[in-house]
file final_25.tsv (TSV, C-alpha atoms)
chain	number	residue	atom	x	y	z
X	1493	MET	CA	-18.74	36.74	71.83
X	1494	LYS	CA	-18.70	33.13	70.68
X	1495	THR	CA	-15.55	31.87	69.04
X	1496	GLU	CA	-15.01	28.89	66.77
X	1497	ARG	CA	-12.02	26.76	67.67
X	1498	LYS	CA	-10.84	24.17	65.17
X	1499	PRO	CA	-9.52	20.92	66.70
X	1500	ASN	CA	-6.07	19.67	65.79
X	1501	LYS	CA	-5.18	16.05	65.06
X	1502	LYS	CA	-4.34	15.25	68.68
X	1503	GLU	CA	-7.71	16.61	69.83
X	1504	LEU	CA	-9.54	14.54	67.26
X	1505	LYS	CA	-7.65	11.49	68.46
X	1506	ASN	CA	-8.67	12.20	72.04
X	1507	ASP	CA	-12.26	10.86	72.09
X	1508	LYS	CA	-14.25	13.23	74.28
X	1509	SER	CA	-17.02	10.66	74.60
X	1510	LYS	CA	-14.79	8.77	77.02
X	1511	ILE	CA	-14.55	11.74	79.36
X	1512	GLN	CA	-16.62	11.17	82.49
X	1513	SER	CA	-19.02	13.99	83.31
X	1514	ASN	CA	-18.85	15.59	86.75
X	1515	SER	CA	-21.79	16.91	88.77
X	1516	TYR	CA	-21.90	20.58	89.75
X	1517	LYS	CA	-24.03	23.33	91.21
X	1518	LYS	CA	-24.05	27.01	90.30
X	1519	ILE	CA	-23.36	29.11	93.39
X	1520	SER	CA	-23.77	32.62	92.03
X	1521	GLU	CA	-23.64	34.90	89.02
X	1522	LEU	CA	-21.51	38.03	88.82
X	1523	PHE	CA	-23.77	40.23	86.70
X	1524	CYS	CA	-27.35	39.05	87.28
X	1525	VAL	CA	-29.54	42.02	86.35
X	1526	ASP	CA	-32.42	40.68	88.46
X	1527	ARG	CA	-30.48	41.45	91.64
X	1528	ILE	CA	-30.44	45.19	90.93
X	1529	PRO	CA	-33.14	46.87	93.09
X	1530	GLU	CA	-36.16	48.11	91.16
X	1531	ASP	CA	-35.79	51.70	92.36
X	1532	ALA	CA	-32.16	51.63	91.19
X	1533	LYS	CA	-33.22	50.41	87.75
X	1534	ASN	CA	-35.57	53.38	87.48
X	1535	VAL	CA	-32.76	55.80	88.36
X	1536	LEU	CA	-30.46	54.22	85.77
X	1537	GLU	CA	-33.15	54.46	83.08
X	1538	ASN	CA	-33.65	58.17	83.76
X	1539	PHE	CA	-30.17	59.25	84.73
X	1540	ASP	CA	-30.11	61.81	81.89
X	1541	LYS	CA	-33.08	63.59	83.48
X	1542	ILE	CA	-31.29	63.71	86.83
X	1543	ILE	CA	-28.26	65.35	85.23
X	1544	GLN	CA	-30.42	67.76	83.26
X	1545	SER	CA	-32.13	68.89	86.48
X	1546	ILE	CA	-28.77	69.47	88.18
X	1547	LYS	CA	-26.64	70.78	85.31
X	1548	PRO	CA	-29.00	71.70	82.45
X	1549	LEU	CA	-27.90	72.08	78.84
X	1550	ASN	CA	-29.75	74.12	76.23
X	1551	SER	CA	-30.89	72.62	72.92
X	1552	LYS	CA	-27.70	73.62	71.09
X	1553	GLN	CA	-25.49	72.13	73.80
X	1554	LEU	CA	-27.50	68.91	73.77
X	1555	GLN	CA	-27.05	68.73	70.01
X	1556	GLN	CA	-23.27	69.08	70.43
X	1557	LEU	CA	-23.15	66.50	73.23
X	1558	PRO	CA	-22.37	63.40	71.08
X	1559	GLU	CA	-19.44	65.19	69.43
X	1560	ASN	CA	-18.11	66.34	72.83
X	1561	ILE	CA	-18.40	62.78	74.16
X	1562	ARG	CA	-16.49	61.41	71.19
X	1563	GLU	CA	-13.74	64.03	71.61
X	1564	LEU	CA	-13.46	63.29	75.33
X	1565	SER	CA	-13.24	59.57	74.57
X	1566	HIS	CA	-10.23	60.27	72.31
X	1567	GLN	CA	-8.59	62.27	75.10
X	1568	MET	CA	-9.13	59.42	77.55
X	1569	THR	CA	-7.68	56.78	75.21
X	1570	ASP	CA	-5.46	57.51	72.20
X	1571	ASN	CA	-4.80	61.19	73.04
X	1572	ARG	CA	-3.95	60.72	76.71
X	1573	ALA	CA	-0.57	62.40	76.35
X	1574	SER	CA	-2.14	65.72	75.38
X	1575	ARG	CA	-4.79	65.69	78.10
X	1576	ARG	CA	-4.34	68.11	80.97
X	1577	LEU	CA	-4.41	66.85	84.55
X	1578	GLY	CA	-7.32	69.11	85.48
X	1579	TYR	CA	-9.41	68.31	82.42
X	1580	MET	CA	-12.39	67.43	84.63
X	1581	ASN	CA	-12.57	71.04	85.83
X	1582	GLU	CA	-13.64	72.18	82.35
X	1583	ASN	CA	-17.42	72.47	82.03
X	1584	ILE	CA	-17.78	71.02	78.52
X	1585	GLN	CA	-15.71	67.95	79.31
X	1586	LEU	CA	-17.27	67.46	82.75
X	1587	SER	CA	-20.75	67.63	81.26
X	1588	ALA	CA	-19.84	65.10	78.56
X	1589	TYR	CA	-18.23	62.87	81.17
X	1590	VAL	CA	-21.18	62.68	83.57
X	1591	ARG	CA	-23.79	62.30	80.81
X	1592	TYR	CA	-22.01	59.39	79.17
X	1593	PHE	CA	-19.08	57.85	81.03
X	1594	VAL	CA	-20.60	58.15	84.51
X	1595	TRP	CA	-23.84	56.68	83.17
X	1596	TRP	CA	-22.04	53.67	81.70
X	1597	ASN	CA	-19.94	53.28	84.84
X	1598	LEU	CA	-23.09	53.24	86.95
X	1599	VAL	CA	-24.45	50.48	84.71
X	1600	ARG	CA	-21.26	48.43	85.19
X	1601	LEU	CA	-20.87	49.03	88.90
X	1602	THR	CA	-24.47	48.54	89.98
X	1603	ARG	CA	-24.52	45.24	88.10
X	1604	LEU	CA	-21.32	44.13	89.89
X	1605	PHE	CA	-22.11	45.49	93.36
X	1606	SER	CA	-25.61	43.98	93.38
X	1607	ASN	CA	-24.10	40.52	92.96
X	1608	LEU	CA	-21.14	40.59	95.37
X	1609	GLU	CA	-21.33	39.11	98.86
X	1610	GLU	CA	-22.33	41.42	101.70
X	1611	LYS	CA	-18.94	40.99	103.39
X	1612	SER	CA	-17.33	42.89	100.51
X	1613	PHE	CA	-18.91	46.15	101.70
X	1614	PRO	CA	-18.72	48.61	104.64
X	1615	GLN	CA	-19.96	47.83	108.13
X	1616	GLU	CA	-22.12	49.97	110.41
X	1617	ASP	CA	-20.78	53.38	111.57
X	1618	CYS	CA	-17.87	53.07	109.18
X	1619	PHE	CA	-15.56	55.72	107.77
X	1620	CYS	CA	-15.06	55.08	104.05
X	1621	LEU	CA	-12.62	56.40	101.48
X	1622	ASP	CA	-13.30	56.69	97.75
X	1623	LEU	CA	-10.03	57.38	95.95
X	1624	GLY	CA	-10.07	59.24	92.63
X	1625	SER	CA	-13.73	59.80	93.35
X	1626	GLY	CA	-14.47	62.11	90.42
X	1627	PRO	CA	-18.25	62.74	90.41
X	1628	LEU	CA	-18.80	60.17	93.20
X	1629	THR	CA	-19.68	57.36	90.79
X	1630	VAL	CA	-18.74	54.55	93.18
X	1631	VAL	CA	-20.63	56.14	96.08
X	1632	SER	CA	-23.76	56.55	93.94
X	1633	ALA	CA	-23.45	53.00	92.58
X	1634	LEU	CA	-23.16	51.54	96.09
X	1635	TRP	CA	-26.21	53.47	97.27
X	1636	LEU	CA	-28.23	52.25	94.30
X	1637	SER	CA	-27.16	48.61	94.36
X	1638	ARG	CA	-27.09	47.82	98.10
X	1639	PRO	CA	-30.30	48.90	99.90
X	1640	GLU	CA	-28.99	47.49	103.20
X	1641	LEU	CA	-26.13	50.02	103.06
X	1642	ARG	CA	-28.58	52.92	102.77
X	1643	ASN	CA	-29.63	52.23	106.37
X	1644	LYS	CA	-26.06	52.42	107.70
X	1645	ASN	CA	-24.39	55.46	109.18
X	1646	LEU	CA	-21.47	55.90	106.77
X	1647	THR	CA	-19.11	58.84	106.37
X	1648	TRP	CA	-17.37	59.11	102.99
X	1649	TYR	CA	-14.09	60.88	102.31
X	1650	CYS	CA	-14.15	61.50	98.55
X	1651	LEU	CA	-10.70	62.34	97.19
X	1652	ASP	CA	-10.11	63.85	93.75
X	1653	VAL	CA	-8.03	66.58	92.10
X	1654	SER	CA	-11.10	68.22	90.53
X	1655	GLN	CA	-13.23	70.35	92.83
X	1656	ASN	CA	-15.87	70.83	90.11
X	1657	SER	CA	-16.18	67.10	89.64
X	1658	LEU	CA	-16.55	66.46	93.38
X	1659	SER	CA	-19.14	69.22	93.75
X	1660	LEU	CA	-21.23	67.99	90.84
X	1661	GLY	CA	-20.86	64.40	92.06
X	1662	GLU	CA	-22.23	65.28	95.49
X	1663	ASP	CA	-25.25	66.93	93.88
X	1664	ILE	CA	-25.80	63.83	91.75
X	1665	TYR	CA	-25.49	61.50	94.73
X	1666	LEU	CA	-27.90	63.56	96.88
X	1667	SER	CA	-30.43	63.65	94.05
X	1668	ILE	CA	-30.16	59.86	93.64
X	1669	ALA	CA	-30.48	59.32	97.39
X	1670	SER	CA	-33.65	61.43	97.51
X	1671	LYS	CA	-35.22	59.14	94.88
X	1672	THR	CA	-34.10	55.91	96.58
X	1673	PRO	CA	-34.53	56.49	100.34
X	1674	PRO	CA	-33.45	54.13	103.13
X	1675	THR	CA	-35.92	51.43	104.11
X	1676	GLN	CA	-35.28	51.63	107.85
X	1677	GLU	CA	-37.29	54.10	109.89
X	1678	GLY	CA	-35.07	56.72	111.52
X	1679	ALA	CA	-32.11	56.14	109.17
X	1680	ASN	CA	-30.30	59.19	107.84
X	1681	PRO	CA	-31.62	60.19	104.39
X	1682	HIS	CA	-28.11	59.97	102.94
X	1683	TRP	CA	-24.49	59.32	103.88
X	1684	LYS	CA	-22.20	62.11	105.03
X	1685	ILE	CA	-19.88	63.30	102.26
X	1686	ILE	CA	-16.53	64.99	102.96
X	1687	ARG	CA	-14.94	66.27	99.75
X	1688	VAL	CA	-11.13	66.33	99.65
X	1689	LYS	CA	-9.60	68.19	96.71
X	1690	ASP	CA	-6.19	66.54	96.40
X	1691	SER	CA	-4.38	63.62	94.79
X	1692	PHE	CA	-3.72	60.04	95.91
X	1693	GLY	CA	-1.33	60.16	98.85
X	1694	ALA	CA	-2.87	63.25	100.42
X	1695	PHE	CA	-3.48	63.24	104.17
X	1696	ILE	CA	-6.89	62.01	105.35
X	1697	LYS	CA	-7.86	62.90	108.93
X	1698	GLN	CA	-9.62	59.64	109.72
X	1699	ARG	CA	-8.40	56.09	109.17
X	1700	CYS	CA	-11.04	54.23	107.21
X	1701	GLY	CA	-12.63	50.79	107.48
X	1702	PHE	CA	-13.62	50.58	103.82
X	1703	ILE	CA	-11.47	51.78	100.91
X	1704	THR	CA	-12.51	51.69	97.30
X	1705	CYS	CA	-11.74	53.20	93.92
X	1706	ALA	CA	-12.72	52.72	90.30
X	1707	ASN	CA	-10.42	53.37	87.35
X	1708	MET	CA	-7.93	55.34	89.46
X	1709	PHE	CA	-4.85	53.14	89.27
X	1710	ASN	CA	-5.33	52.96	85.52
X	1711	GLU	CA	-4.96	56.75	85.47
X	1712	LEU	CA	-1.91	56.69	87.74
X	1713	ASP	CA	-0.23	53.99	85.67
X	1714	GLN	CA	-0.44	56.17	82.57
X	1715	ALA	CA	1.76	58.82	84.23
X	1716	SER	CA	4.44	56.42	85.52
X	1717	ASP	CA	7.33	54.61	83.85
X	1718	MET	CA	8.01	52.45	86.91
X	1719	PRO	CA	7.59	48.66	86.57
X	1720	PRO	CA	4.14	47.57	87.80
X	1721	GLU	CA	5.64	45.61	90.70
X	1722	PHE	CA	7.22	48.78	92.12
X	1723	ARG	CA	4.13	50.89	91.48
X	1724	VAL	CA	1.81	48.48	93.27
X	1725	LYS	CA	4.12	48.22	96.29
X	1726	LYS	CA	4.01	52.00	96.55
X	1727	TYR	CA	0.23	52.07	96.08
X	1728	PHE	CA	-0.34	49.30	98.62
X	1729	ASP	CA	1.81	50.98	101.28
X	1730	GLN	CA	-0.22	54.15	100.79
X	1731	LEU	CA	-3.51	52.26	101.10
X	1732	LYS	CA	-2.36	50.85	104.43
X	1733	THR	CA	-1.71	54.36	105.78
X	1734	TYR	CA	-5.35	55.18	105.03
X	1735	SER	CA	-6.67	52.01	106.66
X	1736	GLU	CA	-7.82	51.18	110.13
X	1737	GLU	CA	-7.19	47.65	111.40
X	1738	ASN	CA	-9.30	45.05	109.55
X	1739	ALA	CA	-10.26	47.43	106.76
X	1740	ARG	CA	-11.99	46.09	103.66
X	1741	TYR	CA	-10.98	46.92	100.09
X	1742	LEU	CA	-12.80	46.91	96.77
X	1743	LEU	CA	-10.75	47.95	93.75
X	1744	ILE	CA	-12.23	48.14	90.25
X	1745	GLU	CA	-10.37	48.83	87.01
X	1746	PRO	CA	-10.99	48.62	83.25
X	1747	GLY	CA	-10.84	45.04	81.96
X	1748	VAL	CA	-7.65	45.61	79.96
X	1749	PRO	CA	-4.36	43.71	80.38
X	1750	LYS	CA	-2.38	46.44	82.11
X	1751	SER	CA	-5.09	47.16	84.69
X	1752	ALA	CA	-5.69	43.45	85.30
X	1753	ARG	CA	-1.96	43.03	85.93
X	1754	THR	CA	-2.06	45.83	88.49
X	1755	LEU	CA	-4.97	44.20	90.33
X	1756	CYS	CA	-3.25	40.80	90.28
X	1757	LEU	CA	-0.24	42.36	92.01
X	1758	PHE	CA	-2.59	43.93	94.57
X	1759	ARG	CA	-4.07	40.46	95.10
X	1760	ASP	CA	-0.60	39.12	95.93
X	1761	ARG	CA	-0.08	41.93	98.42
X	1762	PHE	CA	-3.43	41.31	100.12
X	1763	LEU	CA	-2.77	37.58	100.46
X	1764	LYS	CA	0.67	38.18	101.94
X	1765	ALA	CA	-0.89	40.66	104.39
X	1766	ASN	CA	-3.21	37.87	105.68
X	1767	TYR	CA	-6.31	38.97	103.79
X	1768	ASP	CA	-8.89	36.84	102.03
X	1769	VAL	CA	-9.52	37.79	98.42
X	1770	THR	CA	-13.22	36.93	98.44
X	1771	SER	CA	-13.96	37.81	94.85
X	1772	PRO	CA	-13.48	37.08	92.03
X	1773	CYS	CA	-10.93	34.45	93.06
X	1774	PRO	CA	-12.25	30.95	93.92
X	1775	HIS	CA	-8.91	30.08	95.55
X	1776	ALA	CA	-5.84	31.59	97.22
X	1777	GLU	CA	-3.25	29.90	95.02
X	1778	ILE	CA	-1.02	31.58	92.42
X	1779	CYS	CA	-3.05	33.46	89.82
X	1780	SER	CA	-2.97	31.70	86.47
X	1781	MET	CA	-4.35	34.75	84.64
X	1782	ASP	CA	-2.00	37.38	86.03
X	1783	GLY	CA	-1.65	39.39	82.83
X	1784	PHE	CA	2.16	39.22	83.04
X	1785	LYS	CA	3.45	41.03	79.96
X	1786	ALA	CA	0.02	40.68	78.31
X	1787	TYR	CA	-0.06	44.41	77.63
X	1788	THR	CA	3.20	44.10	75.66
X	1789	GLY	CA	1.60	41.76	73.16
X	1790	SER	CA	2.22	38.27	74.57
X	1791	LYS	CA	-0.51	35.60	74.65
X	1792	ASN	CA	-0.61	35.62	78.43
X	1793	LYS	CA	-4.23	35.78	79.67
X	1794	TRP	CA	-5.55	38.41	82.06
X	1795	CYS	CA	-8.44	38.31	84.51
X	1796	ASN	CA	-11.48	40.23	83.30
X	1797	PHE	CA	-15.25	39.79	83.21
X	1798	SER	CA	-17.93	41.04	80.88
X	1799	PHE	CA	-21.65	41.15	80.25
X	1800	ASN	CA	-23.86	41.99	77.30
X	1801	THR	CA	-25.27	45.52	77.36
X	1802	GLU	CA	-28.63	44.67	75.82
X	1803	ASP	CA	-30.27	45.44	79.18
X	1804	ALA	CA	-28.59	48.87	79.46
X	1805	PRO	CA	-30.89	51.93	79.32
X	1806	LYS	CA	-32.12	52.47	75.76
X	1807	LYS	CA	-31.42	56.20	75.92
X	1808	LEU	CA	-27.81	55.49	76.90
X	1809	GLN	CA	-27.43	53.03	74.04
X	1810	ARG	CA	-28.86	55.63	71.65
X	1811	LEU	CA	-26.44	58.26	72.96
X	1812	SER	CA	-23.57	55.82	72.39
X	1813	GLU	CA	-24.67	55.35	68.78
X	1814	LEU	CA	-24.90	59.11	68.21
X	1815	ALA	CA	-21.39	59.53	69.64
X	1816	LYS	CA	-20.24	56.70	67.33
X	1817	LEU	CA	-19.15	54.72	70.38
X	1818	PRO	CA	-21.50	51.72	70.28
X	1819	LYS	CA	-21.01	49.37	73.22
X	1820	GLU	CA	-22.10	45.75	73.00
X	1821	ARG	CA	-20.08	44.53	75.99
X	1822	ALA	CA	-19.25	46.02	79.37
X	1823	VAL	CA	-15.91	44.78	80.71
X	1824	LEU	CA	-14.10	45.21	84.01
X	1825	SER	CA	-11.51	43.73	86.35
X	1826	PHE	CA	-11.76	43.92	90.13
X	1827	VAL	CA	-10.57	42.53	93.45
X	1828	SER	CA	-12.36	42.41	96.81
X	1829	ALA	CA	-10.24	41.80	99.93
X	1830	VAL	CA	-11.39	41.37	103.53
X	1831	PRO	CA	-9.58	40.42	106.77
X	1832	LYS	CA	-8.80	36.72	106.88
X	1833	SER	CA	-11.55	34.64	108.43
X	1834	SER	CA	-10.99	32.10	111.20
X	1835	GLU	CA	-13.20	29.67	109.31
X	1836	ASN	CA	-11.51	26.64	107.81
X	1837	GLU	CA	-10.86	26.89	104.10
X	1838	SER	CA	-13.34	24.95	102.03
X	1839	ASP	CA	-12.13	21.84	100.23
X	1840	GLU	CA	-14.78	22.32	97.54
X	1841	PHE	CA	-13.57	22.49	93.95
X	1842	LEU	CA	-14.70	25.95	92.86
X	1843	LEU	CA	-14.57	27.37	89.36
X	1844	ARG	CA	-15.00	30.98	88.24
X	1845	ILE	CA	-16.01	31.20	84.57
X	1846	VAL	CA	-13.75	33.73	82.85
X	1847	SER	CA	-14.82	33.61	79.20
X	1848	ASP	CA	-17.71	33.43	76.79
X	1849	CYS	CA	-18.65	30.15	75.15
X	1850	PHE	CA	-16.45	28.66	72.40
X	1851	LYS	CA	-16.83	25.51	70.33
X	1852	LEU	CA	-15.01	22.28	71.14
X	1853	PRO	CA	-14.76	19.06	69.11
X	1854	LYS	CA	-17.57	16.48	69.23
X	1855	ASN	CA	-20.22	19.25	69.32
X	1856	LYS	CA	-19.21	20.28	72.82
X	1857	ASN	CA	-19.15	23.83	74.16
X	1858	GLY	CA	-16.21	25.19	76.13
X	1859	PHE	CA	-15.56	27.88	78.72
X	1860	TYR	CA	-12.31	28.91	80.34
X	1861	ALA	CA	-12.45	28.92	84.14
X	1862	CYS	CA	-10.16	29.81	87.03
X	1863	SER	CA	-9.52	27.17	89.72
X	1864	LYS	CA	-7.04	26.14	92.40
X	1865	ILE	CA	-5.23	23.99	89.82
X	1866	GLY	CA	-4.95	26.94	87.42
X	1867	THR	CA	-6.97	27.78	84.35
X	1868	VAL	CA	-9.13	24.90	83.13
X	1869	VAL	CA	-11.39	24.21	80.16
X	1870	VAL	CA	-14.99	23.47	81.12
X	1871	SER	CA	-16.68	21.21	78.58
X	1872	THR	CA	-20.47	20.97	78.38
X	1873	GLU	CA	-23.14	20.03	75.87
X	1874	LYS	CA	-25.22	23.15	76.60
X	1875	GLN	CA	-24.25	26.30	74.73
X	1876	ASN	CA	-25.67	28.86	77.18
X	1877	GLU	CA	-24.88	26.94	80.35
X	1878	PHE	CA	-22.65	29.64	81.84
X	1879	LYS	CA	-21.85	33.35	81.63
X	1880	SER	CA	-18.67	35.26	82.33
X	1881	GLY	CA	-18.25	35.54	86.10
X	1882	ASP	CA	-20.40	32.57	87.15
X	1883	LEU	CA	-19.13	30.75	90.25
X	1884	ILE	CA	-19.74	26.99	90.28
X	1885	CYS	CA	-18.85	24.10	92.60
X	1886	VAL	CA	-17.84	20.83	90.93
X	1887	LYS	CA	-17.66	17.35	92.39
X	1888	ILE	CA	-14.66	15.83	90.60
X	1889	LYS	CA	-14.98	12.07	90.14
X	1890	LYS	CA	-11.29	11.38	89.63
X	1891	PRO	CA	-7.97	12.84	90.88
X	1892	VAL	CA	-7.29	16.15	89.13
X	1893	GLU	CA	-3.94	14.86	87.84
X	1894	ASN	CA	-5.86	12.23	85.89
X	1895	LEU	CA	-8.13	14.70	84.14
X	1896	PRO	CA	-7.72	14.88	80.34
X	1897	THR	CA	-5.64	17.70	78.90
X	1898	ASP	CA	-6.62	20.21	76.25
X	1899	TYR	CA	-3.92	19.95	73.58
X	1900	LYS	CA	-4.36	23.53	72.39
X	1901	THR	CA	-3.72	25.21	75.75
X	1902	GLY	CA	-2.36	22.50	78.05
X	1903	TYR	CA	-5.23	23.15	80.49
X	1904	LYS	CA	-7.05	20.35	82.26
X	1905	ILE	CA	-10.54	19.58	80.92
X	1906	ILE	CA	-13.49	19.34	83.31
X	1907	SER	CA	-16.53	17.82	81.67
X	1908	LEU	CA	-19.94	18.74	83.11
call {"tool": "encode", "arguments": {"input": "final_25.tsv", "output": "structure tokens"}}
result
Amino acid sequence: MKTERKPNKKELKNDKSKIQSNSYKKISELFCVDRIPEDAKNVLENFDKIIQSIKPLNSKQLQQLPENIRELSHQMTDNRASRRLGYMNENIQLSAYVRYFVWWNLVRLTRLFSNLEEKSFPQEDCFCLDLGSGPLTVVSALWLSRPELRNKNLTWYCLDVSQNSLSLGEDIYLSIASKTPPTQEGANPHWKIIRVKDSFGAFIKQRCGFITCANMFNELDQASDMPPEFRVKKYFDQLKTYSEENARYLLIEPGVPKSARTLCLFRDRFLKANYDVTSPCPHAEICSMDGFKAYTGSKNKWCNFSFNTEDAPKKLQRLSELAKLPKERAVLSFVSAVPKSSENESDEFLLRIVSDCFKLPKNKNGFYACSKIGTVVVSTEKQNEFKSGDLICVKIKKPVENLPTDYKTGYKIISL
């Protein structure tokens, strides 16, 4: 969403016309819809039909679906305290969950996974672990978004407290896999799934080379009064017990302050453990958007990324309207960590765009961006030059300490 930002007297005094423009190149986008495979787009458009073929509802149940979705949404947000731990074992709630929340999560995750670098994902003949797997949403999203992974021999341990959710999720995944087969002759038609009905911390027989989860730590945080620093240390130690040497990690959470803070603390742990945080971070310095105390009401910024949902399946958008839960933006926070590379660190000045466009004085357009010198303001004449999540490389023409300063935020200004 665009925001209008009024300049103060100091900004007006600072003549932006004197700011020297810097050259740049866009390296990648984070949510480019064109990178989603065509067969995956077809599955996303018709996901309701897949669910109906696996877990059919009659006409009366379909009519009640929007109300059930809305009630489940309340339980997952403002009525969390009254929600039972095994709520996903109940048929009405599980049906509402897979027909709405799983569908939206697949939209989010396929968009993200399709645009991440290949090194963020499992290798050949790899044991993988999906924590808080629910109805195998992450597994299905990876299959849809990364055709090269469909050809690999992967074994997935899917851990969740709900047996019903795991069982339904496996049926959903196998149905999706049958509609989007591997491209390599002789490849297995689908990955091997091992369902584990238990909670985070349960014993897993095999150490894994790829560990992932979506929206799990957000759930765990709700049930704990421990400070986030202590929680993440405990979580990280548990992740390491699941991991083989040189394991890769991909953690995704809702794009809210508390979850972003949790992921920032994980980032610190990964860096200290000699890992590279390959995405979204364009640097390995201290995080300037760490969400510290943001969830208590301070103005501290948190790391999150979003995209417009106008390209989402029309039937899903219509269902959202019927449930009175219209969704114009999809938001998430995430961190991808891989073993540290022997390659020399690049001296390029990289920026990750972390906001929508806002207005600056002198008819300029601004974007907040993350960099190795902290958060910066990117100034450009073009309104739609960047989107949230874009990664760009800038050739700075002067020492960074000599860059002009934004008087509203104190951030350095990089003019493009």
call {"tool": "closest_residue", "arguments": {"input": "final_25.tsv", "among": "X:Leu1604, X:Ala1715, X:Leu1651, X:Val1823", "to": "Asp1526 in chain X", "atoms": "only C-alpha atoms"}}
result
X:Leu1604
call {"tool": "residues_near_point", "arguments": {"input": "final_25.tsv", "point": "(-25.1, 25.0, 80.0)", "cutoff": "12 Å", "atoms": "all atoms listed in the file", "output": "list in words"}}
result
Tyr1516, Lys1517, Lys1518, Ile1845, Asp1848, Cys1849, Lys1856, Asn1857, Gly1858, Phe1859, Val1870, Ser1871, Thr1872, Glu1873, Lys1874, Gln1875, Asn1876, Glu1877, Phe1878, Lys1879, Asp1882, Ile1884, Ser1907 and Leu1908 of chain X
call {"tool": "residues_around", "arguments": {"input": "final_25.tsv", "residues": "Thr1672 in chain X", "least_positions_apart": "6", "cutoff": "8 Å", "atoms": "all atoms listed in the file", "output": "MDAnalysis selection string"}}
result
chainID X and resid 1531:1532 1636
call {"tool": "atom_distance", "arguments": {"input": "final_25.tsv", "atom1": "CA of Gly1881 in chain X", "atom2": "CA of Ala1633 in chain X"}}
result
19.3 Å
call {"tool": "residues_around", "arguments": {"input": "final_25.tsv", "residues": "Asp1663 in chain X", "least_positions_apart": "5", "cutoff": "12 Å", "atoms": "all atoms listed in the file", "output": "PyMOL selection string"}}
result
chain X and resi 1542-1547+1590+1627-1629+1631-1632+1656-1658+1668-1670+1682+1685+1687
call {"tool": "residues_around", "arguments": {"input": "final_25.tsv", "residues": "Pro1749 in chain X", "least_positions_apart": "2", "cutoff": "9 Å", "atoms": "all atoms listed in the file", "output": "list in words"}}
result
Pro1746, Gly1747, Ser1751, Ala1752, Arg1753, Thr1754, Asp1782, Gly1783, Phe1784, Lys1785, Ala1786, Tyr1787, Thr1788, Lys1793, Trp1794, Cys1795 and Asn1796 of chain X
call {"tool": "closest_residue", "arguments": {"input": "final_25.tsv", "among": "X:Gly1661, X:Gly1624, X:Pro1818, X:Pro1674", "to": "Glu1640 in chain X", "atoms": "all atoms listed in the file"}}
result
X:Pro1674
call {"tool": "closest_residue", "arguments": {"input": "final_25.tsv", "among": "X:Ser1667, X:Ser1880, X:Ser1833, X:Thr1602", "to": "Ile1528 in chain X", "atoms": "only C-alpha atoms"}}
result
X:Thr1602
